[in-house]
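Chemist: Let me give you the structure first, and then I'll get to my questions.
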Amino acid sequence: MTQYVPLAAFIGLVCFAAVTGALFSTGTWYEALNKPWWTPPNWLFSIVWPVLYIMIAVGGWRVWKVEGIGPAVAVWGIGLTLNAAWSWIMFGEHQIGWALADLIAMWISIAVFIWIAWPLDRTAACLFLPYLIWAGYAGALNLNIWQNNP
């Protein structure tokens with residue numbers, strides 16, 4: 001049972017990141033932006049993110065079980081911090097370009113985590129693949145919004 005205490009810690013950290021994101025709603029500012037036709041409906045985010053956050057927590061925990069606090073967990077933490085910062089930058093500060101820079105750094109941290117985690121725990125690495133794809137999609141969306149809202 002004590003092996004699941006660290007899992008609870010990883011879930012707690014991910015929940016903290018999720019809550020910080022939830023503090024900054026899209027609001028009327030975001031609704032007024034010129035967005036591409038392929039922008040997902042707002043309700044889809046409330047389905048996708050909880051699933052991704054569970055995968056992020058489990059992936060981090062699985063790698064931690066193998067290496068402890070090592071390079072993969074450090075990259076995991078950096079990525080989670082960038083994840084938590086994005087909503088504040090985009091919706092709190094209305095800085096579309098800086099949000100894009102944050103998202104690019106986050107995407108890189110996800111890719112690096114996968115690369116480092118692969119030899120340690122392939123399941124953990126694979127758990128991050130949907131996150132990498134979603135972050136890439138979000139980056140393309142963020143880029144389009146930045147370009148079309150000078």
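Please note that chains go A, B, ... in the order of the structure tokens, that every chain numbers its residues from 1, and that ligands are numbered from 1 in the order shown.
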DSSP on the backbone, helix (DSSP H, G or I) only: what residues of segment 116-146 of chain A does that give? Format it as a PyMOL selection string.

Modeler: chain A and resi 116-117+122-127+129-146

Chemist: Those selected residues, please, written with C-alpha atoms and delivered as a compact mmCIF listing (two decimals), in the first residue's frame.

Modeler:
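This went into again-v7.txt:
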```
# COMPACT_ATOMS: atom_id res chain seq x y z
CA ILE A 116 14.43 9.69 -21.47
CA ALA A 117 11.63 7.46 -20.17
CA ARG A 122 8.09 2.08 -22.10
CA THR A 123 4.58 2.23 -20.66
CA ALA A 124 5.39 5.57 -19.02
CA ALA A 125 6.81 6.86 -22.30
CA CYS A 126 3.75 5.66 -24.23
CA LEU A 127 1.42 7.32 -21.74
CA LEU A 129 2.32 10.09 -26.59
CA PRO A 130 -1.30 11.37 -26.55
CA TYR A 131 -0.10 14.35 -24.50
CA LEU A 132 2.57 15.09 -27.13
CA ILE A 133 -0.03 14.93 -29.90
CA TRP A 134 -2.50 17.12 -27.99
CA ALA A 135 0.20 19.67 -27.14
CA GLY A 136 1.21 19.75 -30.82
CA TYR A 137 -2.40 20.39 -31.81
CA ALA A 138 -2.71 23.05 -29.11
CA GLY A 139 0.50 24.63 -30.38
CA ALA A 140 -0.85 24.81 -33.92
CA LEU A 141 -4.05 26.37 -32.58
CA ASN A 142 -2.09 28.84 -30.43
CA LEU A 143 0.09 29.77 -33.42
CA ASN A 144 -2.95 30.37 -35.62
CA ILE A 145 -4.62 32.53 -32.98
CA TRP A 146 -1.39 34.52 -32.51
```

Chemist: So which residues touch segment 81-91 of chain A within 10 Å, counting only C-alpha atoms, skipping near sequence neighbours fewer than 3 positions away, as a PyMOL selection string?

Modeler: chain A and resi 13-27+29-30+75-78+94-107+109+135+142

Chemist: At what distance in Å, to one decimal, does atom CA of Phe45 of chain A lie from atom CA of Ala57 of chain A?

Modeler: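 We find that atom CA of Ala57 of chain A and atom CA of Phe45 of chain A lie 17.8 Å from each other.
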
Chemist: Set the distance at 8 Å and use only C-alpha atoms: which residues neighbour segment 60-70 of chain A once local chain neighbours fewer than 2 positions away are removed? I'd like the list as a list of chain:residue names.

Modeler: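 That gives A:Pro6, A:Leu7, A:Phe10, A:Ile56, A:Ala57, A:Val58, A:Ala72, A:Val73, A:Ala74, A:Trp76, A:Ala117, A:Leu120, A:Asp121, A:Ala124.
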
Chemist: Between A:Leu33, A:Trp49, A:Met55, A:Trp43, which residue has the minimum interatomic distance to Ile11 of chain A, considering only C-alpha atoms?

Modeler: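 Among the listed residues, the smallest separation from Ile11 of chain A belongs to A:Met55.
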
Chemist: One number please: atom CA of Ala111 of chain A to atom CA of Trp37 of chain A, in Å, one decimal.

Modeler: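 One can read the atom CA of Ala111 of chain A to atom CA of Trp37 of chain A distance as 27.4 Å.
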